[in-house]
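*Asks:* Input: one structure, supplied below.
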Amino acid sequence: MPIDQEAMAELDRADGRPALVDPFGRAITYLRVSVTDRCDFRCVYCMAENMAFLPKADVLSLEELDRLCSAFIARGVRKLRLTGGEPLVRRGIMTLFSSLSRHLRSGLLDELTVTTNGSQLTKYAKEIKSYGVQRINVSLDTLNAEKFRAITRWGSLDQVLAGIDAAQDAGLKVKINAVALKGVNEDEFPQLIEWAHGRGMDLTLIEVMPLGEIGEGRLDQYLPLSIVRARLAERYQLQDLDYRSGGPARYMRVAETGGLLGFITPLTHNFCESCNRVRVTCTGTLYMCLGQEDAADLRKPLRASESNAQLFAAIDEAISRKPKGHDFIIDRRHKRPALARHMSVTGG
Ligand SMILES: C[S@@+](CC[C@H](N)C(=O)[O-])C[C@H]1O[C@@H](n2cnc3c(N)ncnc32)[C@H](O)[C@@H]1O
Ligand code: SF4
């Protein structure tokens, strides 16, 4: 069912409320929204093979997601990323892209983007581009089909590569995200760098984060990026860049390829002071920090009334509790995740 854009636009105003700023003076300008907890893959570091998914009634409708995103945009969010689970397997997801694109046209939003496993891009890349999306992130940890199947359990490398082709053909700029996994893809980074940069795509390596019970030894997967970087520095000239995204990524230029290489090390604290982001799950739970359990329920105020007053009040109250930083640990004694929720809940 299409989203009633006129009715939505009625709610697009901030009603005189100021832009969101947390107690540490950080402006909240970046919202990441997980639009579904479901996925067509079962990546070993992200999900258990037998995941129990949420009942439909708990998940926000596409209209509710639009209203929630638009409330944040009215209050100063300028970059919106849809994620998941796999955002592109949510039924009707193109109607959400379509309705959110009004904020790009109005100039309130600078960027609408998506993080995807790439499996549905042959189907959707063109349409996504037509809604004003310029850049997307595609997650891909290996170029070896067997390893790809082992990591994703259910995924097909060919399908994802075809999706990346479709995205580039549609004129989308693609960034590749790869999780660094000990003993799995650690010997492949030079190949991934040369492949990605050769196609004009930046590559970001992500350190495994201790989120959620996944039924496997997480310590076994953990590969510190400091080691990866030192190894790559023996082979390539890595030029440090000052460019920061406001998030936990550091970027370098690989002199030999000319492309950008990012390192996301969420276990370090040094990015928290510039943190500009919050995350909302598909049930409307707002997480003020990726590394903390504290959260606020926005579904209740959203469903309680057709006006946004209660929703704005709940958002304000939550942002006033945004913590200064996180406390991730990979607990060597207990081998338990530092946080109980899975990455597919907040979408990374
Ligand atoms: C949760 S996924 C959601 C979007 C989409 N399904 C995808 O895979 O791109 C977002 C990102 O989180 C990463 N991720 C998932 N679990 C992780 C973990 N435990 N540690 C680090 N990154 C993780 C994925 O590799 C992916 O790049
Ligand atoms: S990382 Fe993305 S593709 Fe893989 S299981 Fe998690 S949500 Fe699905």
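Residues in the structure tokens are numbered from 1 in each chain, the chains being A, B, ... in the order shown, and ligands are numbered from 1 in the order shown.
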Would you kindly return, as a list in words, each protein, DNA or RNA residue with an atom no farther than 7 Å from any atom of range 133-136 of chain A, considering only C-alpha atoms and excluding same-chain residues fewer than 2 positions away?

*Replies:*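 These residues fall inside the cut-off: Leu112, Thr113, Val114, Thr115, Ile128, Lys129, Tyr131, Val138, Leu172, Lys173, Val174 and Lys175 of chain A.
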
*Asks:* Could you pull out the strand (DSSP E) residues of range 125-306 of chain A from DSSP and send them as a ChimeraX atom specification?

*Replies:* /A:135-139,173-180,202-207,238-244,249-254,260-264,277-280,285-287,295-297

*Asks:* Selection from above, N, CA and C atoms, as a short mmCIF file (atom, residue, chain, number, x, y, z; two decimals), in the first residue's frame, can you write it?

*Replies:*
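Contents of result-v7.cif, as written:
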```cif
data_model
loop_
_atom_site.label_atom_id
_atom_site.label_comp_id
_atom_site.auth_asym_id
_atom_site.auth_seq_id
_atom_site.Cartn_x
_atom_site.Cartn_y
_atom_site.Cartn_z
N ARG A 135 24.70 7.04 -2.69
CA ARG A 135 25.75 6.09 -2.28
C ARG A 135 25.13 5.00 -1.44
N ILE A 136 25.65 3.78 -1.57
CA ILE A 136 25.17 2.70 -0.71
C ILE A 136 26.37 1.93 -0.17
N ASN A 137 26.16 1.23 0.95
CA ASN A 137 27.17 0.32 1.47
C ASN A 137 26.73 -1.11 1.21
N VAL A 138 27.63 -1.89 0.67
CA VAL A 138 27.34 -3.31 0.46
C VAL A 138 28.33 -4.12 1.29
N SER A 139 27.80 -5.07 2.04
CA SER A 139 28.66 -5.89 2.90
C SER A 139 29.12 -7.12 2.13
N LYS A 173 27.11 5.10 -6.09
CA LYS A 173 28.48 4.93 -5.61
C LYS A 173 28.43 3.85 -4.53
N VAL A 174 29.32 2.86 -4.64
CA VAL A 174 29.25 1.72 -3.72
C VAL A 174 30.48 1.70 -2.82
N LYS A 175 30.24 1.52 -1.53
CA LYS A 175 31.35 1.26 -0.60
C LYS A 175 31.18 -0.16 -0.10
N ILE A 176 32.29 -0.87 -0.06
CA ILE A 176 32.23 -2.26 0.43
C ILE A 176 32.63 -2.30 1.90
N ASN A 177 31.86 -3.00 2.70
CA ASN A 177 32.20 -3.26 4.10
C ASN A 177 32.56 -4.73 4.26
N ALA A 178 33.70 -5.00 4.86
CA ALA A 178 34.08 -6.39 5.12
C ALA A 178 34.43 -6.55 6.59
N VAL A 179 33.86 -7.54 7.22
CA VAL A 179 34.22 -7.85 8.61
C VAL A 179 35.49 -8.69 8.58
N ALA A 180 36.47 -8.31 9.40
CA ALA A 180 37.73 -9.04 9.44
C ALA A 180 37.58 -10.24 10.37
N ASP A 202 35.34 2.28 -2.46
CA ASP A 202 36.13 2.29 -1.24
C ASP A 202 35.85 1.01 -0.47
N LEU A 203 36.79 0.66 0.40
CA LEU A 203 36.63 -0.56 1.20
C LEU A 203 36.82 -0.22 2.67
N THR A 204 35.92 -0.70 3.50
CA THR A 204 36.08 -0.50 4.93
C THR A 204 36.13 -1.84 5.63
N LEU A 205 37.14 -2.02 6.46
CA LEU A 205 37.25 -3.25 7.23
C LEU A 205 36.67 -2.99 8.62
N ILE A 206 35.91 -3.95 9.11
CA ILE A 206 35.22 -3.81 10.40
C ILE A 206 35.72 -4.87 11.37
N GLU A 207 36.01 -4.44 12.57
CA GLU A 207 36.41 -5.39 13.60
C GLU A 207 35.15 -6.06 14.15
N LEU A 238 50.28 3.28 3.06
CA LEU A 238 48.99 3.73 3.58
C LEU A 238 49.13 5.16 4.08
N GLN A 239 48.42 6.07 3.41
CA GLN A 239 48.54 7.48 3.79
C GLN A 239 47.37 7.87 4.68
N ASP A 240 47.70 8.22 5.91
CA ASP A 240 46.68 8.61 6.88
C ASP A 240 45.90 9.82 6.39
N LEU A 241 44.58 9.76 6.49
CA LEU A 241 43.77 10.92 6.10
C LEU A 241 43.11 11.49 7.34
N ASP A 242 42.89 12.76 7.34
CA ASP A 242 42.22 13.39 8.48
C ASP A 242 40.73 13.16 8.44
N TYR A 243 40.24 12.80 7.24
CA TYR A 243 38.80 12.67 7.04
C TYR A 243 38.17 11.74 8.07
N ARG A 244 37.17 12.25 8.80
CA ARG A 244 36.43 11.42 9.75
C ARG A 244 34.95 11.51 9.41
N ALA A 249 35.23 5.15 12.18
CA ALA A 249 36.10 4.76 11.06
C ALA A 249 37.26 5.73 10.91
N ARG A 250 38.42 5.16 10.62
CA ARG A 250 39.60 5.95 10.24
C ARG A 250 39.89 5.60 8.79
N TYR A 251 40.21 6.61 8.00
CA TYR A 251 40.44 6.34 6.58
C TYR A 251 41.88 6.58 6.18
N MET A 252 42.37 5.74 5.28
CA MET A 252 43.70 5.91 4.69
C MET A 252 43.54 5.85 3.17
N ARG A 253 44.51 6.46 2.50
CA ARG A 253 44.55 6.27 1.05
C ARG A 253 45.64 5.24 0.75
N VAL A 254 45.32 4.27 -0.07
CA VAL A 254 46.31 3.29 -0.50
C VAL A 254 46.99 3.89 -1.73
N LEU A 260 40.32 4.50 -1.18
CA LEU A 260 40.26 4.70 0.28
C LEU A 260 40.06 3.37 0.99
N LEU A 261 40.75 3.25 2.12
CA LEU A 261 40.61 2.08 2.96
C LEU A 261 40.24 2.56 4.36
N GLY A 262 39.11 2.10 4.86
CA GLY A 262 38.66 2.51 6.19
C GLY A 262 38.84 1.38 7.19
N PHE A 263 39.07 1.76 8.43
CA PHE A 263 39.16 0.77 9.51
C PHE A 263 38.15 1.15 10.57
N ILE A 264 37.20 0.28 10.82
CA ILE A 264 36.21 0.56 11.86
C ILE A 264 36.54 -0.28 13.09
N ARG A 277 25.41 10.25 16.12
CA ARG A 277 24.40 9.32 15.62
C ARG A 277 23.60 8.64 16.72
N VAL A 278 22.40 8.25 16.36
CA VAL A 278 21.61 7.35 17.19
C VAL A 278 20.98 6.31 16.27
N ARG A 279 20.46 5.25 16.88
CA ARG A 279 19.91 4.14 16.11
C ARG A 279 18.51 3.79 16.57
N VAL A 280 17.65 3.47 15.62
CA VAL A 280 16.30 3.02 15.97
C VAL A 280 16.09 1.63 15.37
N THR A 285 12.59 1.06 19.00
CA THR A 285 13.43 1.27 20.18
C THR A 285 14.63 2.11 19.78
N LEU A 286 14.84 3.17 20.52
CA LEU A 286 15.94 4.09 20.21
C LEU A 286 17.13 3.74 21.08
N TYR A 287 18.26 3.43 20.44
CA TYR A 287 19.51 3.22 21.16
C TYR A 287 20.38 4.45 21.00
N ALA A 295 18.07 2.30 26.38
CA ALA A 295 17.25 2.52 25.19
C ALA A 295 15.94 3.18 25.58
N ALA A 296 15.25 3.72 24.59
CA ALA A 296 13.96 4.36 24.85
C ALA A 296 12.94 3.82 23.87
N ASP A 297 11.73 3.57 24.36
CA ASP A 297 10.68 3.07 23.49
C ASP A 297 9.99 4.24 22.80
#
```

*Asks:* What parts of range 134-240 of chain A does DSSP call alpha helix (DSSP H)? I'd like the answer as number ranges by chain.

*Replies:* A: 145-152, 157-169, 189-198, 218-221, 225-235

*Asks:* When you look at range 192-195 of chain A with a cut-off of 8 Å (counting only C-alpha atoms), what residues show up, excluding the ones that are within fewer than 3 positions of it in the same chain? I need them as a list in words.

*Replies:*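 The residues that qualify are Thr142, Leu143, Glu188, Phe189, Gly198, Arg199, Leu203, Thr257 and Leu261 of chain A.
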
*Asks:* Pull all heavy atoms from the residues just selected and write them as a PDB file, in the first residue's frame.

*Replies:*
```
ATOM      1  N   THR A 142      34.264 -11.674   1.447  1.00  0.00           N
ATOM      2  CA  THR A 142      35.196 -12.517   0.701  1.00  0.00           C
ATOM      3  C   THR A 142      34.782 -12.579  -0.766  1.00  0.00           C
ATOM      4  O   THR A 142      33.602 -12.403  -1.093  1.00  0.00           O
ATOM      5  CB  THR A 142      35.224 -13.959   1.279  1.00  0.00           C
ATOM      6  OG1 THR A 142      36.054 -14.781   0.465  1.00  0.00           O
ATOM      7  CG2 THR A 142      33.831 -14.575   1.326  1.00  0.00           C
ATOM      8  N   LEU A 143      35.749 -12.867  -1.641  1.00  0.00           N
ATOM      9  CA  LEU A 143      35.446 -13.048  -3.067  1.00  0.00           C
ATOM     10  C   LEU A 143      35.493 -14.528  -3.441  1.00  0.00           C
ATOM     11  O   LEU A 143      35.417 -14.883  -4.617  1.00  0.00           O
ATOM     12  CB  LEU A 143      36.447 -12.259  -3.909  1.00  0.00           C
ATOM     13  CG  LEU A 143      36.282 -10.733  -3.807  1.00  0.00           C
ATOM     14  CD1 LEU A 143      37.472 -10.017  -4.430  1.00  0.00           C
ATOM     15  CD2 LEU A 143      34.978 -10.287  -4.487  1.00  0.00           C
ATOM     16  N   GLU A 188      42.916 -12.426   2.615  1.00  0.00           N
ATOM     17  CA  GLU A 188      42.284 -11.960   1.383  1.00  0.00           C
ATOM     18  C   GLU A 188      42.240 -10.452   1.225  1.00  0.00           C
ATOM     19  O   GLU A 188      41.718  -9.949   0.234  1.00  0.00           O
ATOM     20  CB  GLU A 188      40.824 -12.452   1.380  1.00  0.00           C
ATOM     21  CG  GLU A 188      40.556 -13.581   0.449  1.00  0.00           C
ATOM     22  CD  GLU A 188      39.065 -13.725   0.226  1.00  0.00           C
ATOM     23  OE1 GLU A 188      38.530 -13.082  -0.686  1.00  0.00           O
ATOM     24  OE2 GLU A 188      38.435 -14.473   0.996  1.00  0.00           O
ATOM     25  N   PHE A 189      42.698  -9.723   2.238  1.00  0.00           N
ATOM     26  CA  PHE A 189      42.488  -8.269   2.187  1.00  0.00           C
ATOM     27  C   PHE A 189      43.171  -7.590   1.006  1.00  0.00           C
ATOM     28  O   PHE A 189      42.569  -6.710   0.390  1.00  0.00           O
ATOM     29  CB  PHE A 189      42.857  -7.616   3.524  1.00  0.00           C
ATOM     30  CG  PHE A 189      42.036  -8.155   4.667  1.00  0.00           C
ATOM     31  CD1 PHE A 189      42.619  -8.519   5.867  1.00  0.00           C
ATOM     32  CD2 PHE A 189      40.667  -8.336   4.520  1.00  0.00           C
ATOM     33  CE1 PHE A 189      41.853  -9.041   6.898  1.00  0.00           C
ATOM     34  CE2 PHE A 189      39.895  -8.866   5.545  1.00  0.00           C
ATOM     35  CZ  PHE A 189      40.490  -9.221   6.738  1.00  0.00           C
ATOM     36  N   GLY A 198      39.881  -1.187  -7.758  1.00  0.00           N
ATOM     37  CA  GLY A 198      39.917  -1.326  -9.214  1.00  0.00           C
ATOM     38  C   GLY A 198      38.562  -0.992  -9.851  1.00  0.00           C
ATOM     39  O   GLY A 198      38.489  -0.638 -11.018  1.00  0.00           O
ATOM     40  N   ARG A 199      37.503  -1.130  -9.048  1.00  0.00           N
ATOM     41  CA  ARG A 199      36.162  -0.820  -9.563  1.00  0.00           C
ATOM     42  C   ARG A 199      35.652   0.517  -9.052  1.00  0.00           C
ATOM     43  O   ARG A 199      34.466   0.813  -9.143  1.00  0.00           O
ATOM     44  CB  ARG A 199      35.176  -1.899  -9.133  1.00  0.00           C
ATOM     45  CG  ARG A 199      35.508  -3.284  -9.619  1.00  0.00           C
ATOM     46  CD  ARG A 199      34.437  -4.257  -9.172  1.00  0.00           C
ATOM     47  NE  ARG A 199      33.099  -3.789  -9.479  1.00  0.00           N
ATOM     48  CZ  ARG A 199      32.123  -4.529  -9.989  1.00  0.00           C
ATOM     49  NH1 ARG A 199      32.353  -5.792 -10.274  1.00  0.00           N
ATOM     50  NH2 ARG A 199      30.938  -4.040 -10.215  1.00  0.00           N
ATOM     51  N   LEU A 203      36.793   0.659   0.401  1.00  0.00           N
ATOM     52  CA  LEU A 203      36.632  -0.560   1.201  1.00  0.00           C
ATOM     53  C   LEU A 203      36.823  -0.218   2.668  1.00  0.00           C
ATOM     54  O   LEU A 203      37.764   0.490   3.022  1.00  0.00           O
ATOM     55  CB  LEU A 203      37.687  -1.597   0.774  1.00  0.00           C
ATOM     56  CG  LEU A 203      37.764  -2.870   1.618  1.00  0.00           C
ATOM     57  CD1 LEU A 203      36.549  -3.766   1.367  1.00  0.00           C
ATOM     58  CD2 LEU A 203      39.043  -3.658   1.312  1.00  0.00           C
ATOM     59  N   THR A 257      46.817   2.055  -5.186  1.00  0.00           N
ATOM     60  CA  THR A 257      45.540   1.904  -5.896  1.00  0.00           C
ATOM     61  C   THR A 257      44.804   3.235  -6.036  1.00  0.00           C
ATOM     62  O   THR A 257      43.894   3.364  -6.848  1.00  0.00           O
ATOM     63  CB  THR A 257      44.596   0.950  -5.134  1.00  0.00           C
ATOM     64  OG1 THR A 257      44.326   1.538  -3.853  1.00  0.00           O
ATOM     65  CG2 THR A 257      45.202  -0.430  -4.947  1.00  0.00           C
ATOM     66  N   LEU A 261      40.752   3.252   2.123  1.00  0.00           N
ATOM     67  CA  LEU A 261      40.612   2.079   2.964  1.00  0.00           C
ATOM     68  C   LEU A 261      40.243   2.562   4.359  1.00  0.00           C
ATOM     69  O   LEU A 261      40.967   3.363   4.954  1.00  0.00           O
ATOM     70  CB  LEU A 261      41.953   1.318   2.986  1.00  0.00           C
ATOM     71  CG  LEU A 261      42.024   0.072   3.847  1.00  0.00           C
ATOM     72  CD1 LEU A 261      41.054  -1.001   3.356  1.00  0.00           C
ATOM     73  CD2 LEU A 261      43.454  -0.482   3.853  1.00  0.00           C
TER      74      LEU A 261
END
```

*Asks:* Restricting the calculation to only C-alpha atoms and all ligand atoms, which member of A:Met201, A:Val59, A:Ala48, A:Leu82 is positioned closest to ligand 2?

*Replies:* A:Ala48

*Asks:* Hey, which residues sit close to ligand 2? Say within 6 Å, counting only C-alpha atoms and all ligand atoms, and write them as a ChimeraX atom specification.

*Replies:* /A:39,41-43,46-47,84-86,117,344

*Asks:* Check the smallest atom-to-atom distance from each of A:Leu11, A:Ala233, A:Ala52, A:Leu181 to ligand 1 using only C-alpha atoms and all ligand atoms, then report the winner.

*Replies:*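 For ligand 1, the nearest of the given residues is A:Leu181.
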
*Asks:* Skip range 122-126 of chain A itself and residues of its chain fewer than 5 positions away, then list as a VMD selection string all residues within 6 Å of it, counting only C-alpha atoms.

*Replies:* chain A and resid 163 166 to 167 170

*Asks:* With only C-alpha atoms and all ligand atoms as the basis for distance, which of A:Met209, A:Leu161, A:Met94, A:Val89 is at the shortest distance from ligand 1?

*Replies:*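 Checking each candidate against ligand 1, we get A:Met209 as the closest.
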
*Asks:* Which residue out of A:Ala27, A:Leu68, A:Leu60, A:Val33 has the minimum interatomic distance to ligand 1 when only C-alpha atoms and all ligand atoms are used?

*Replies:* A:Val33

*Asks:* Any idea what the distance is between CA of Tyr30 in chain A and CA of Arg81 in chain A?

*Replies:*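 Result for CA of Tyr30 in chain A versus CA of Arg81 in chain A: 7.9 Å, one decimal.
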
*Asks:* I'd like to know which of A:Thr283, A:Gln310, A:Cys275, A:Glu10 is closest to Gly325 in chain A, using only C-alpha atoms.

*Replies:*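 For Gly325 in chain A, the nearest of the given residues is A:Cys275.
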
*Asks:* Nearest residue to Cys69 in chain A out of A:Ala7, A:Ala145, A:Ala57, A:Leu298, using only C-alpha atoms?

*Replies:* A:Leu298
